[in-house]
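Colleague: Below is the file upload-v7.tsv, with TSV, C-alpha atoms.
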chain	number	residue	atom	x	y	z
Q	17	MET	CA	-4.91	-18.71	-13.54
Q	18	THR	CA	-6.02	-18.47	-9.91
Q	19	SER	CA	-8.49	-20.79	-8.26
Q	20	SER	CA	-11.69	-19.50	-6.69
Q	21	GLY	CA	-10.14	-19.98	-3.27
Q	22	THR	CA	-7.20	-17.70	-4.02
Q	23	ALA	CA	-8.93	-15.16	-6.29
Q	24	LEU	CA	-9.60	-11.64	-5.04
Q	25	ARG	CA	-13.05	-10.03	-5.05
Q	26	ARG	CA	-13.99	-7.59	-7.84
Q	27	THR	CA	-15.61	-4.62	-6.09
Q	28	LEU	CA	-14.02	-1.43	-7.53
Q	29	GLY	CA	-15.89	0.63	-10.12
Q	30	VAL	CA	-14.60	3.59	-12.15
Q	31	ARG	CA	-15.08	6.14	-9.35
Q	32	ASP	CA	-13.36	3.97	-6.75
Q	33	ALA	CA	-10.50	3.20	-9.14
Q	34	VAL	CA	-10.00	6.93	-9.89
Q	35	VAL	CA	-9.95	7.66	-6.14
Q	36	VAL	CA	-7.30	4.99	-5.56
Q	37	GLY	CA	-5.20	6.54	-8.33
Q	38	LEU	CA	-5.63	10.04	-6.90
Q	39	GLY	CA	-4.78	8.82	-3.42
Q	40	SER	CA	-1.56	7.33	-4.80
Q	41	MET	CA	-0.53	10.43	-6.77
Q	42	ILE	CA	-1.82	13.41	-4.80
Q	43	GLY	CA	0.18	12.35	-1.80
Q	44	ALA	CA	3.21	13.66	-0.03
Q	45	GLY	CA	4.96	14.17	-3.38
Q	46	VAL	CA	3.14	17.44	-4.00
Q	47	PHE	CA	4.29	18.68	-0.59
Q	48	SER	CA	7.90	17.55	-0.95
Q	49	ALA	CA	8.99	17.05	-4.57
Q	50	PHE	CA	8.74	20.67	-5.78
Q	51	GLY	CA	11.66	21.78	-3.59
Q	52	PRO	CA	14.26	19.30	-4.90
Q	53	ALA	CA	12.96	19.83	-8.45
Q	54	ALA	CA	13.38	23.61	-8.15
Q	55	ARG	CA	16.95	23.12	-6.89
Q	56	ALA	CA	17.68	20.99	-9.96
Q	57	ALA	CA	16.02	23.14	-12.63
Q	58	GLY	CA	15.56	26.62	-11.15
Q	59	SER	CA	13.10	28.53	-13.34
Q	60	GLY	CA	12.92	25.43	-15.57
Q	61	LEU	CA	10.64	23.80	-12.99
Q	62	LEU	CA	7.49	24.16	-15.10
Q	63	PRO	CA	9.10	22.59	-18.22
Q	64	GLY	CA	10.30	19.79	-15.93
Q	65	LEU	CA	6.73	19.27	-14.74
Q	66	ALA	CA	5.56	19.16	-18.37
Q	67	VAL	CA	8.18	16.54	-19.31
Q	68	ALA	CA	7.25	14.41	-16.28
Q	69	ALA	CA	3.58	14.69	-17.27
Q	70	VAL	CA	4.24	13.55	-20.87
Q	71	VAL	CA	6.19	10.51	-19.71
Q	72	ALA	CA	3.54	9.77	-17.08
Q	73	TYR	CA	0.80	10.00	-19.73
Q	74	CYS	CA	2.58	7.51	-21.99
Q	75	ASN	CA	3.14	5.16	-19.07
Q	76	ALA	CA	-0.49	5.51	-18.00
Q	77	MET	CA	-1.86	4.66	-21.44
Q	78	SER	CA	0.48	1.68	-21.80
Q	79	SER	CA	-0.52	0.46	-18.33
Q	80	ALA	CA	-4.22	0.89	-19.13
Q	81	ARG	CA	-3.97	-1.14	-22.35
Q	82	LEU	CA	-2.05	-3.91	-20.63
Q	83	ALA	CA	-4.35	-4.05	-17.60
Q	84	ALA	CA	-7.39	-4.36	-19.86
Q	85	HIS	CA	-5.77	-7.41	-21.50
Q	86	TYR	CA	-4.47	-8.92	-18.24
Q	87	PRO	CA	-6.76	-7.91	-15.34
Q	88	ALA	CA	-4.80	-9.71	-12.63
Q	89	SER	CA	-2.99	-8.61	-9.49
Q	90	GLY	CA	0.64	-7.64	-10.02
Q	91	GLY	CA	0.48	-4.94	-12.71
Q	92	THR	CA	3.58	-4.79	-14.92
Q	93	TYR	CA	5.05	-7.85	-13.21
Q	94	VAL	CA	2.27	-9.87	-14.87
Q	95	HIS	CA	2.29	-7.84	-18.10
Q	96	GLY	CA	6.06	-8.14	-18.56
Q	97	ARG	CA	5.94	-11.87	-17.86
Q	98	GLU	CA	3.15	-12.46	-20.37
Q	99	ARG	CA	4.45	-10.20	-23.16
Q	100	LEU	CA	8.25	-10.27	-22.82
Q	101	GLY	CA	9.11	-13.33	-20.76
Q	102	ALA	CA	9.57	-14.39	-17.15
Q	103	PHE	CA	12.80	-12.45	-16.56
Q	104	TRP	CA	11.39	-9.07	-17.60
Q	105	GLY	CA	8.30	-9.55	-15.50
Q	106	TYR	CA	10.48	-10.47	-12.54
Q	107	LEU	CA	12.72	-7.42	-13.08
Q	108	ALA	CA	9.67	-5.11	-13.11
Q	109	GLY	CA	8.27	-6.73	-9.99
Q	110	TRP	CA	11.59	-6.55	-8.15
Q	111	ALA	CA	12.09	-2.87	-9.05
Q	112	PHE	CA	8.55	-2.08	-7.93
Q	113	VAL	CA	8.56	-3.99	-4.65
Q	114	VAL	CA	11.98	-2.75	-3.50
Q	115	GLY	CA	11.51	0.86	-4.61
Q	116	LYS	CA	7.99	1.16	-3.30
Q	117	THR	CA	8.79	-0.52	0.01
Q	118	ALA	CA	11.35	2.24	0.59
Q	119	SER	CA	8.68	4.75	-0.45
Q	120	CYS	CA	6.30	3.26	2.13
Q	121	ALA	CA	8.82	3.92	4.87
Q	122	ALA	CA	9.45	7.42	3.51
Q	123	MET	CA	5.74	8.23	3.54
Q	124	ALA	CA	5.34	6.83	7.05
Q	125	LEU	CA	8.19	9.01	8.29
Q	126	THR	CA	6.65	12.01	6.54
Q	127	VAL	CA	3.48	11.40	8.57
Q	128	GLY	CA	5.58	11.29	11.73
Q	129	ALA	CA	7.53	14.43	10.83
Q	130	TYR	CA	4.33	16.46	10.40
Q	131	VAL	CA	2.28	14.96	13.25
Q	132	TRP	CA	4.93	14.81	16.00
Q	133	PRO	CA	8.43	15.75	14.80
Q	134	GLY	CA	10.08	14.68	18.07
Q	135	GLN	CA	8.67	11.15	17.79
Q	136	ALA	CA	8.61	10.71	14.02
Q	137	HIS	CA	9.66	7.05	14.07
Q	138	THR	CA	7.05	6.09	16.68
Q	139	VAL	CA	4.25	7.82	14.78
Q	140	ALA	CA	5.49	6.25	11.52
Q	141	VAL	CA	5.26	2.74	12.98
Q	142	ALA	CA	1.76	3.44	14.34
Q	143	ALA	CA	0.65	4.74	10.93
Q	144	VAL	CA	1.93	1.62	9.13
Q	145	VAL	CA	0.22	-0.72	11.61
Q	146	ALA	CA	-3.09	1.20	11.40
Q	147	LEU	CA	-3.17	1.37	7.60
Q	148	THR	CA	-2.13	-2.27	7.20
Q	149	ALA	CA	-5.09	-3.14	9.43
Q	150	VAL	CA	-7.40	-1.04	7.21
Q	151	ASN	CA	-6.15	-2.85	4.10
Q	152	TYR	CA	-6.58	-6.18	5.88
Q	153	GLY	CA	-10.29	-5.43	6.30
Q	154	GLY	CA	-10.97	-5.37	2.57
Q	155	ILE	CA	-10.43	-3.23	-0.52
Q	156	GLN	CA	-13.70	-1.32	-0.06
Q	157	LYS	CA	-12.63	-0.04	3.37
Q	158	SER	CA	-9.32	1.08	1.84
Q	159	ALA	CA	-11.15	2.84	-1.01
Q	160	TRP	CA	-13.51	4.59	1.44
Q	161	LEU	CA	-10.66	5.90	3.60
Q	162	THR	CA	-8.73	6.97	0.49
Q	163	ARG	CA	-11.78	8.93	-0.70
Q	164	VAL	CA	-11.91	10.84	2.60
Q	165	ILE	CA	-8.18	11.59	2.54
Q	166	VAL	CA	-8.24	12.73	-1.11
Q	167	THR	CA	-11.15	15.09	-0.41
Q	168	VAL	CA	-9.36	16.72	2.52
Q	169	VAL	CA	-6.02	17.02	0.69
Q	170	LEU	CA	-7.62	18.55	-2.42
Q	171	THR	CA	-9.37	21.07	-0.18
Q	172	VAL	CA	-6.07	22.00	1.47
Q	173	LEU	CA	-4.31	22.37	-1.88
Q	174	ALA	CA	-7.15	24.55	-3.18
Q	175	ALA	CA	-6.76	26.76	-0.09
Q	176	VAL	CA	-3.01	27.09	-0.79
Q	177	VAL	CA	-3.61	28.09	-4.42
Q	178	VAL	CA	-6.32	30.63	-3.54
Q	179	ALA	CA	-4.26	32.12	-0.69
Q	180	CYS	CA	-1.26	32.59	-2.97
Q	181	LEU	CA	-3.07	33.92	-6.05
Q	182	ALA	CA	-5.40	36.22	-4.05
Q	183	SER	CA	-2.63	37.67	-1.88
Q	184	GLY	CA	-1.57	40.32	-4.35
Q	185	ARG	CA	2.05	39.22	-3.81
Q	186	VAL	CA	2.39	37.02	-6.90
Q	187	ASP	CA	5.12	38.26	-9.23
Q	188	ALA	CA	4.52	37.13	-12.81
Q	189	GLY	CA	8.24	37.61	-13.48
Q	190	ARG	CA	8.97	34.62	-11.24
Q	191	LEU	CA	7.09	32.43	-13.72
Q	192	ASP	CA	9.38	33.32	-16.63
Q	193	ILE	CA	10.73	30.08	-18.00
Q	194	GLY	CA	14.50	29.84	-18.16
Q	195	LEU	CA	17.07	27.08	-18.26
Q	196	PRO	CA	19.76	28.14	-15.76
Q	197	SER	CA	20.80	24.52	-15.25
Q	198	GLY	CA	20.43	23.56	-18.90
Q	199	ALA	CA	18.47	20.66	-20.32
Q	200	GLY	CA	20.11	18.31	-17.79
Q	201	GLY	CA	18.59	20.26	-14.90
Q	202	VAL	CA	15.12	20.14	-16.48
Q	203	LEU	CA	15.40	16.38	-17.01
Q	204	GLN	CA	16.60	15.83	-13.46
Q	205	ALA	CA	13.68	17.88	-12.17
Q	206	ALA	CA	11.33	15.83	-14.34
Q	207	GLY	CA	12.75	12.62	-12.88
Q	208	LEU	CA	12.24	13.92	-9.33
Q	209	LEU	CA	8.74	15.20	-10.11
Q	210	PHE	CA	7.90	11.79	-11.56
Q	211	PHE	CA	7.89	10.63	-7.93
Q	212	ALA	CA	4.78	12.79	-7.44
Q	213	PHE	CA	3.02	11.20	-10.44
Q	214	ALA	CA	3.94	7.57	-9.82
Q	215	GLY	CA	0.69	6.10	-8.60
Q	216	TYR	CA	-1.74	5.89	-11.51
Q	217	ALA	CA	-0.73	2.30	-12.20
Q	218	ARG	CA	-1.94	1.33	-8.73
Q	219	ILE	CA	-5.26	0.90	-10.53
Q	220	ALA	CA	-3.64	-1.63	-12.89
Q	221	THR	CA	-1.91	-3.36	-9.97
Q	222	LEU	CA	-5.34	-3.92	-8.41
Q	223	GLY	CA	-6.73	-5.30	-11.69
Q	224	GLU	CA	-8.04	-8.47	-10.06
Q	225	GLU	CA	-10.29	-6.36	-7.77
Q	226	VAL	CA	-11.79	-4.09	-10.47
Q	227	ARG	CA	-15.25	-4.68	-11.94
Q	228	GLU	CA	-15.38	-4.92	-15.75
Q	229	PRO	CA	-11.60	-4.27	-16.00
Q	230	ALA	CA	-11.53	-3.96	-19.80
Q	231	ARG	CA	-13.90	-0.97	-19.50
Q	232	THR	CA	-13.03	0.43	-16.05
Q	233	ILE	CA	-9.22	0.57	-16.13
Q	234	PRO	CA	-8.75	2.43	-19.46
Q	235	ARG	CA	-11.21	5.06	-18.18
Q	236	ALA	CA	-9.91	5.37	-14.64
Q	237	ILE	CA	-6.18	5.75	-15.30
Q	238	PRO	CA	-6.33	8.75	-17.71
Q	239	LEU	CA	-8.98	10.42	-15.52
Q	240	ALA	CA	-6.84	10.12	-12.40
Q	241	LEU	CA	-3.74	11.34	-14.23
Q	242	GLY	CA	-5.55	14.31	-15.81
Q	243	ILE	CA	-6.98	15.50	-12.48
Q	244	THR	CA	-3.58	15.16	-10.83
Q	245	LEU	CA	-1.81	17.13	-13.57
Q	246	LEU	CA	-4.34	19.96	-13.25
Q	247	VAL	CA	-3.83	20.08	-9.48
Q	248	TYR	CA	-0.02	19.98	-9.73
Q	249	ALA	CA	0.14	22.68	-12.40
Q	250	SER	CA	-2.09	24.98	-10.31
Q	251	VAL	CA	0.00	24.45	-7.19
Q	252	ALA	CA	3.29	24.90	-9.07
Q	253	VAL	CA	2.20	28.20	-10.62
Q	254	ALA	CA	0.89	29.55	-7.30
Q	255	VAL	CA	3.96	28.56	-5.28
Q	256	LEU	CA	6.45	29.72	-7.91
Q	257	GLY	CA	4.64	33.04	-8.24
Q	258	ILE	CA	5.00	33.67	-4.52
Q	259	LEU	CA	8.44	32.23	-3.74
Q	260	GLY	CA	10.35	32.14	-7.00
Q	261	ALA	CA	12.54	29.21	-8.01
Q	262	ASN	CA	15.50	29.96	-5.72
Q	263	ARG	CA	13.48	30.36	-2.54
Q	264	LEU	CA	11.31	27.37	-3.44
Q	265	GLY	CA	14.41	25.23	-3.88
Q	266	LEU	CA	15.65	26.13	-0.39
Q	267	ALA	CA	12.33	25.61	1.41
Q	268	ALA	CA	12.09	22.53	3.64
Q	269	ALA	CA	8.27	22.71	3.51
Q	270	PRO	CA	7.52	24.60	0.27
Q	271	LEU	CA	3.75	24.87	0.58
Q	272	ALA	CA	3.87	26.00	4.19
Q	273	GLU	CA	6.52	28.57	3.24
Q	274	ALA	CA	4.34	29.76	0.35
Q	275	VAL	CA	1.23	30.47	2.45
Q	276	ARG	CA	3.39	32.20	5.05
Q	277	ALA	CA	4.91	34.39	2.34
Q	278	ALA	CA	1.41	35.05	0.97
Q	279	GLY	CA	0.43	36.64	4.29
Q	280	ALA	CA	-1.68	33.72	5.51
Q	281	PRO	CA	0.33	32.20	8.40
Q	282	GLY	CA	-2.89	30.82	9.86
Q	283	LEU	CA	-2.94	28.29	7.01
Q	284	VAL	CA	0.43	26.78	7.99
Q	285	PRO	CA	-1.11	24.30	10.51
Q	286	VAL	CA	-3.73	23.40	7.89
Q	287	VAL	CA	-0.97	22.67	5.37
Q	288	ARG	CA	0.80	20.50	7.94
Q	289	VAL	CA	-2.37	18.48	8.50
Q	290	GLY	CA	-2.89	18.21	4.75
Q	291	ALA	CA	0.68	16.97	4.25
Q	292	ALA	CA	0.28	14.34	6.98
Q	293	LEU	CA	-3.00	13.12	5.49
Q	294	ALA	CA	-1.51	13.13	1.99
Q	295	ALA	CA	1.36	10.98	3.19
Q	296	MET	CA	-1.13	8.61	4.84
Q	297	GLY	CA	-3.10	8.37	1.59
Q	298	SER	CA	0.07	7.54	-0.33
Q	299	LEU	CA	1.11	5.00	2.28
Q	300	LEU	CA	-2.31	3.33	2.18
Q	301	ALA	CA	-2.21	2.99	-1.62
Q	302	LEU	CA	1.46	1.93	-1.61
Q	303	ILE	CA	0.82	-0.94	0.80
Q	304	LEU	CA	-2.06	-2.02	-1.44
Q	305	GLY	CA	0.10	-1.99	-4.58
Q	306	VAL	CA	3.21	-3.61	-3.10
Q	307	SER	CA	1.21	-6.40	-1.45
Q	308	ARG	CA	-0.56	-7.25	-4.75
Q	309	THR	CA	2.73	-7.42	-6.64
Q	310	THR	CA	4.14	-9.53	-3.81
Q	311	LEU	CA	1.13	-11.84	-4.17
Q	312	ALA	CA	1.71	-12.21	-7.92
Q	313	MET	CA	5.42	-12.93	-7.48
Q	314	ALA	CA	4.68	-15.49	-4.76
Q	315	ARG	CA	2.20	-17.23	-7.06
Q	316	ASP	CA	5.05	-17.71	-9.53
Q	317	GLY	CA	7.48	-18.99	-6.91
Q	318	HIS	CA	9.76	-15.93	-6.75
Q	319	LEU	CA	8.69	-15.27	-3.16
Q	320	PRO	CA	7.56	-17.74	-0.42
Q	321	GLY	CA	4.39	-19.63	-1.34
Q	322	ALA	CA	2.77	-18.78	1.99
Q	323	LEU	CA	2.27	-15.24	0.70
Q	324	THR	CA	-0.31	-16.46	-1.86
Q	325	ALA	CA	-2.96	-16.93	0.84
Q	326	VAL	CA	-6.21	-14.98	0.41
Q	327	HIS	CA	-8.38	-14.29	3.45
Q	328	PRO	CA	-11.57	-16.42	3.20
Q	329	ARG	CA	-13.80	-13.59	4.47
Q	330	PHE	CA	-12.22	-10.33	3.30
Q	331	ARG	CA	-10.78	-11.74	0.03
Q	332	VAL	CA	-7.50	-9.85	0.38
Q	333	PRO	CA	-3.91	-11.22	0.27
Q	334	HIS	CA	-3.64	-10.90	4.05
Q	335	ARG	CA	-0.27	-12.61	4.46
Q	336	ALA	CA	1.33	-10.52	1.71
Q	337	GLU	CA	-0.13	-7.36	3.27
Q	338	SER	CA	1.10	-8.37	6.73
Q	339	ALA	CA	4.58	-9.19	5.39
Q	340	VAL	CA	4.86	-5.86	3.58
Q	341	GLY	CA	3.60	-4.05	6.67
Q	342	ALA	CA	6.15	-5.83	8.88
Q	343	VAL	CA	9.08	-4.91	6.60
Q	344	VAL	CA	7.95	-1.28	6.43
Q	345	VAL	CA	7.56	-1.16	10.22
Q	346	VAL	CA	11.19	-2.25	10.63
Q	347	LEU	CA	12.41	0.34	8.12
Q	348	ALA	CA	10.27	3.12	9.57
Q	349	ALA	CA	11.48	2.33	13.09
Q	350	THR	CA	15.18	2.19	12.30
Q	351	VAL	CA	16.06	4.12	9.13
Q	352	ASP	CA	15.42	7.64	7.90
Q	353	VAL	CA	14.60	7.22	4.22
Q	354	ARG	CA	12.89	10.53	3.55
Q	355	GLY	CA	15.62	11.21	1.00
Q	356	ALA	CA	14.52	8.19	-1.05
Q	357	ILE	CA	12.69	10.19	-3.74
Q	358	GLY	CA	15.44	9.67	-6.31
Q	359	PHE	CA	15.88	5.97	-5.51
Q	360	SER	CA	12.13	5.36	-5.66
Q	361	SER	CA	11.88	7.22	-8.98
Q	362	PHE	CA	14.68	5.10	-10.47
Q	363	GLY	CA	12.97	1.84	-9.53
Q	364	VAL	CA	9.57	3.00	-10.76
Q	365	LEU	CA	10.99	4.28	-14.06
Q	366	VAL	CA	12.53	0.84	-14.67
Q	367	TYR	CA	9.13	-0.67	-13.87
Q	368	TYR	CA	7.38	1.55	-16.42
Q	369	ALA	CA	10.10	0.99	-19.02
Q	370	VAL	CA	9.10	-2.69	-18.92
Q	371	ALA	CA	5.42	-1.66	-19.11
Q	372	ASN	CA	6.01	0.38	-22.28
Q	373	ALA	CA	8.08	-2.38	-23.87
Q	374	SER	CA	5.25	-4.82	-23.07
Q	375	ALA	CA	2.60	-2.49	-24.53
Q	376	TRP	CA	4.68	-2.15	-27.72
Q	377	THR	CA	4.06	-5.85	-28.42
Q	378	LEU	CA	0.26	-5.50	-28.27
Q	379	SER	CA	-0.05	-4.00	-31.75
Q	380	ARG	CA	1.75	-4.19	-35.08
Q	381	THR	CA	0.47	-0.80	-36.30
Q	382	THR	CA	2.69	2.28	-36.11
Q	383	PRO	CA	0.19	4.73	-34.51
Q	384	SER	CA	-0.46	2.38	-31.60
Q	385	ARG	CA	3.27	2.01	-31.00
Q	386	VAL	CA	4.12	5.70	-30.76
Q	387	VAL	CA	2.96	6.06	-27.15
Q	388	PRO	CA	4.94	3.10	-25.74
Q	389	VAL	CA	8.06	4.12	-27.71
Q	390	VAL	CA	7.92	7.67	-26.33
Q	391	GLY	CA	7.22	6.27	-22.87
Q	392	LEU	CA	10.13	3.82	-23.01
Q	393	LEU	CA	12.61	6.45	-24.22
Q	394	GLY	CA	11.29	8.91	-21.64
Q	395	CYS	CA	11.67	6.44	-18.78
Q	396	ALA	CA	15.25	5.60	-19.78
Q	397	THR	CA	16.19	9.26	-20.15
Q	398	LEU	CA	14.69	10.36	-16.83
Q	399	ALA	CA	16.10	7.37	-14.94
Q	400	PHE	CA	19.68	8.21	-15.88
Q	401	ALA	CA	19.14	11.96	-15.47
Q	402	LEU	CA	18.49	11.44	-11.75
Q	403	PRO	CA	21.20	12.30	-9.19
Q	404	ALA	CA	24.23	9.98	-9.49
Q	405	ALA	CA	23.69	8.49	-6.02
Q	406	SER	CA	20.13	7.45	-6.91
Q	407	VAL	CA	21.28	5.84	-10.16
Q	408	THR	CA	24.15	4.01	-8.45
Q	409	VAL	CA	22.06	2.64	-5.57
Q	410	GLY	CA	19.18	1.78	-7.90
Q	411	THR	CA	21.44	-0.10	-10.30
Q	412	GLY	CA	23.02	-1.98	-7.40
Q	413	VAL	CA	19.63	-3.05	-6.02
Q	414	LEU	CA	18.51	-4.23	-9.46
Q	415	ALA	CA	21.75	-6.21	-9.77
Q	416	VAL	CA	21.02	-7.97	-6.47
Q	417	GLY	CA	17.58	-8.93	-7.78
Q	418	VAL	CA	19.01	-10.21	-11.06
Q	419	GLY	CA	21.55	-12.26	-9.10
Q	420	ALA	CA	18.79	-13.81	-6.99
Q	421	TYR	CA	16.81	-14.65	-10.13
Q	422	ALA	CA	19.85	-16.29	-11.76
Q	423	ALA	CA	20.62	-18.27	-8.60
Q	424	LYS	CA	17.05	-19.56	-8.42
Q	425	ARG	CA	17.10	-20.60	-12.09
Q	426	TRP	CA	20.43	-22.39	-11.58
Q	427	TRP	CA	19.18	-24.18	-8.46
Q	428	THR	CA	15.89	-25.22	-10.14
Q	429	GLY	CA	17.71	-26.45	-13.25
Q	430	ARG	CA	20.21	-28.44	-11.20
Q	431	HIS	CA	17.49	-30.24	-9.24
Q	432	ALA	CA	15.43	-30.86	-12.39
Q	433	ALA	CA	18.45	-32.48	-14.02
Q	434	ALA	CA	19.02	-34.66	-10.98
Please, can you express the file's structure as structure tokens?

Modeller:
Amino acid sequence: MTSSGTALRRTLGVRDAVVVGLGSMIGAGVFSAFGPAARAAGSGLLPGLAVAAVVAYCNAMSSARLAAHYPASGGTYVHGRERLGAFWGYLAGWAFVVGKTASCAAMALTVGAYVWPGQAHTVAVAAVVALTAVNYGGIQKSAWLTRVIVTVVLTVLAAVVVACLASGRVDAGRLDIGLPSGAGGVLQAAGLLFFAFAGYARIATLGEEVREPARTIPRAIPLALGITLLVYASVAVAVLGILGANRLGLAAAPLAEAVRAAGAPGLVPVVRVGAALAAMGSLLALILGVSRTTLAMARDGHLPGALTAVHPRFRVPHRAESAVGAVVVVLAATVDVRGAIGFSSFGVLVYYAVANASAWTLSRTTPSRVVPVVGLLGCATLAFALPAASVTVGTGVLAVGVGAYAAKRWWTGRHAAA
């Protein structure tokens, strides 16, 4: 339990929670993930999107059920701790914080690459500082800015779809579903596309700031996921119909390439602005989510206790937000992690595997357990279907976290015995 002095303020309703989820999902992933997924699956891109959506749906429903039972900051870190034990909660939290911190830097660099390619690192640092300041001012300011960004990005994506479908250059033959890379290619594409869905649980991560969480969260998560799936499917069909799987897989900026091929080069700058804003929306929501999980882990002693502080006026975990922002600034200034889609997906899939296992314990009835079982198996399958480098690095980072956990337990036990 948290005291009144360290509790966060409940201000988010259903609409705000849905907007936060949309801002997390309809981010830079829709502008960047289709290319790598098309390279992996070829004309099996659409089945890959369907598989990713099924796994995301199962994860979303498990997260919603858990968040309604445990409406506290930290998401699956808290749920895993309460349902499975301290280690599993810690593992979920570690996978989330490390993977999503890398994603923060990737999104910041995406902003820089679209706004001022020659000074991408400088723009990335400025974006992190600005959005950390917005989050510092309170969750309502973050929700308001996210609403503006989501509106603009959805408008841009609608323009892309209309331009492609109305161009008269769509070839229905390019939408024929095939499996040139086999089932493995489809699963790898699904794992990469999962990067573009991973954001609905941001609502659960912010559970301590949601009004009537038992009612709001189970409504908001499926709504956000359903809207996102509709948008992604529309964009995928439009872009595939114009470019085809091979050309899509080779495109550095798939949506910009699609509108150019559709005979609407004037939309290219609009797409660039939309991509930059989408990345900013993702970055804003990511900093929110990572800082809340950091807060929860600090409350349990896995991270420095100073990070538990809540601002007396704004009621936000200002030290956790500042710490996350500082780490991301260093990464964005020194490392190019735009290729971190696979690594981020691996960490997030581990996180949701723990969520599904936790949700499985909520009920003894078979029907209620089908969704978490499918979600757990789906997460495990997609995680190990990712590129070998992503699996290797992800496993290594998890091992470091497990080692730190074991060392802390040993140190605590030794001093308790003394």

Colleague: Quick one: pull the distance between CA of Gly317 (chain Q) and CA of Lys424 (chain Q), Å, one decimal.

Modeller: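 Rounded to one decimal, the two atoms are 9.7 Å apart.
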
Colleague: Could you check which of Q:Ala432, Q:Val416, Q:Val366, Q:Ala301 is closest to Ala111 (chain Q), using only C-alpha atoms?

Modeller: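 Residue with the minimum atom-to-atom distance to Ala111 (chain Q): Q:Val366.
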
Colleague: Which residues are close to region 331-344 of chain Q, i.e. within 8 Å by only C-alpha atoms, leaving aside same-chain residues fewer than 2 positions away? Reply as a PyMOL selection string.

Modeller: chain Q and resi 23-25+117-118+120-121+144-145+148+151-155+303-304+306-308+310-311+322-329+346-348

Colleague: Nearest to Arg276 (chain Q): which of Q:Leu293, Q:Gly215, Q:Gly305, Q:Val255 is it, counting all atoms listed in the file?

Modeller: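 So, comparing all the options, the nearest one is Q:Val255.
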
Colleague: Using Å and a single decimal, report how far CA of Ser158 (chain Q) sits from CA of Asp32 (chain Q).

Modeller: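 We find that CA of Asp32 (chain Q) and CA of Ser158 (chain Q) lie 9.9 Å from each other.
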
Colleague: Any idea what the distance is between CA of Gly207 (chain Q) and CA of Ala292 (chain Q)?

Modeller: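 That distance, rounded to one decimal, is 23.5 Å.
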
Colleague: Show which residues sit within 10 Å of region 33-39 of chain Q, as a PyMOL selection string. Count all atoms listed in the file, and ignore same-chain residues fewer than 5 positions away.

Modeller: chain Q and resi 27-28+44+158-167+169-170+213-220+222-223+225-227+232-233+235-244+294-302+304

Colleague: With distances taken over all atoms listed in the file, which of Q:Leu107, Q:Ala261, Q:Ala54, Q:Val114 is nearest to Ala371 (chain Q)?

Modeller: Q:Leu107

Colleague: Compare Q:Val186, Q:Val351, Q:Ala205, Q:Leu365 by their minimum atom-to-atom distance to Ala396 (chain Q), counting all atoms listed in the file, and give me the closest one.

Modeller: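 Of the candidates, the smallest distance to Ala396 (chain Q) is held by Q:Leu365.
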
Colleague: Hey, which of Q:Asp316, Q:Glu98, Q:Asp187, Q:Asp192 ends up closest to Leu61 (chain Q)? Count only C-alpha atoms.

Modeller: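 With only C-alpha atoms as the atom set, the closest residue is Q:Asp192.
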
Colleague: Show which residues sit within 10 Å of Val284 (chain Q), as a list in words. Count only C-alpha atoms, and ignore same-chain residues fewer than 6 positions away.

Modeller: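 After dropping sequence-adjacent residues, the list is Val176, Ala269, Leu271, Ala272, Glu273, Ala274, Val275, Arg276 and Gly290 of chain Q.
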
Colleague: Just want the 8 Å neighbourhood of Ser59 (chain Q), counted on all atoms listed in the file, with same-chain residues fewer than 3 positions away dropped. Output as a list in words.

Modeller: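 Near neighbours after the sequence-gap exclusion: Ala54, Leu62, Arg190, Leu191, Asp192, Ile193, Gly194, Leu195, Pro196, Gly260 and Ala261 of chain Q.
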
Colleague: Please produce a file of the residues just selected, as an mmCIF file, in the frame of the given file, where the atoms kept are C-alpha atoms.

Modeller:
data_model
loop_
_atom_site.group_PDB
_atom_site.id
_atom_site.type_symbol
_atom_site.label_atom_id
_atom_site.label_comp_id
_atom_site.auth_asym_id
_atom_site.auth_seq_id
_atom_site.Cartn_x
_atom_site.Cartn_y
_atom_site.Cartn_z
ATOM 1 C CA ALA Q 54 13.380 23.610 -8.150
ATOM 2 C CA LEU Q 62 7.490 24.160 -15.100
ATOM 3 C CA ARG Q 190 8.970 34.620 -11.240
ATOM 4 C CA LEU Q 191 7.090 32.430 -13.720
ATOM 5 C CA ASP Q 192 9.380 33.320 -16.630
ATOM 6 C CA ILE Q 193 10.730 30.080 -18.000
ATOM 7 C CA GLY Q 194 14.500 29.840 -18.160
ATOM 8 C CA LEU Q 195 17.070 27.080 -18.260
ATOM 9 C CA PRO Q 196 19.760 28.140 -15.760
ATOM 10 C CA GLY Q 260 10.350 32.140 -7.000
ATOM 11 C CA ALA Q 261 12.540 29.210 -8.010
#

Colleague: Can you list, as number ranges by chain, every protein, DNA or RNA residue that comes within 9 Å of Gly410 (chain Q) when you count all atoms listed in the file, leaving out same-chain residues fewer than 3 positions away?

Modeller: Q: 111, 115, 358-360, 362-363, 405-407, 413-415

Colleague: Can you write out the residues you just picked, keeping C-alpha atoms, as an mmCIF file, in the frame of the given file?

Modeller:
data_model
loop_
_atom_site.group_PDB
_atom_site.id
_atom_site.type_symbol
_atom_site.label_atom_id
_atom_site.label_comp_id
_atom_site.auth_asym_id
_atom_site.auth_seq_id
_atom_site.Cartn_x
_atom_site.Cartn_y
_atom_site.Cartn_z
ATOM 1 C CA ALA Q 111 12.090 -2.870 -9.050
ATOM 2 C CA GLY Q 115 11.510 0.860 -4.610
ATOM 3 C CA GLY Q 358 15.440 9.670 -6.310
ATOM 4 C CA PHE Q 359 15.880 5.970 -5.510
ATOM 5 C CA SER Q 360 12.130 5.360 -5.660
ATOM 6 C CA PHE Q 362 14.680 5.100 -10.470
ATOM 7 C CA GLY Q 363 12.970 1.840 -9.530
ATOM 8 C CA ALA Q 405 23.690 8.490 -6.020
ATOM 9 C CA SER Q 406 20.130 7.450 -6.910
ATOM 10 C CA VAL Q 407 21.280 5.840 -10.160
ATOM 11 C CA VAL Q 413 19.630 -3.050 -6.020
ATOM 12 C CA LEU Q 414 18.510 -4.230 -9.460
ATOM 13 C CA ALA Q 415 21.750 -6.210 -9.770
#
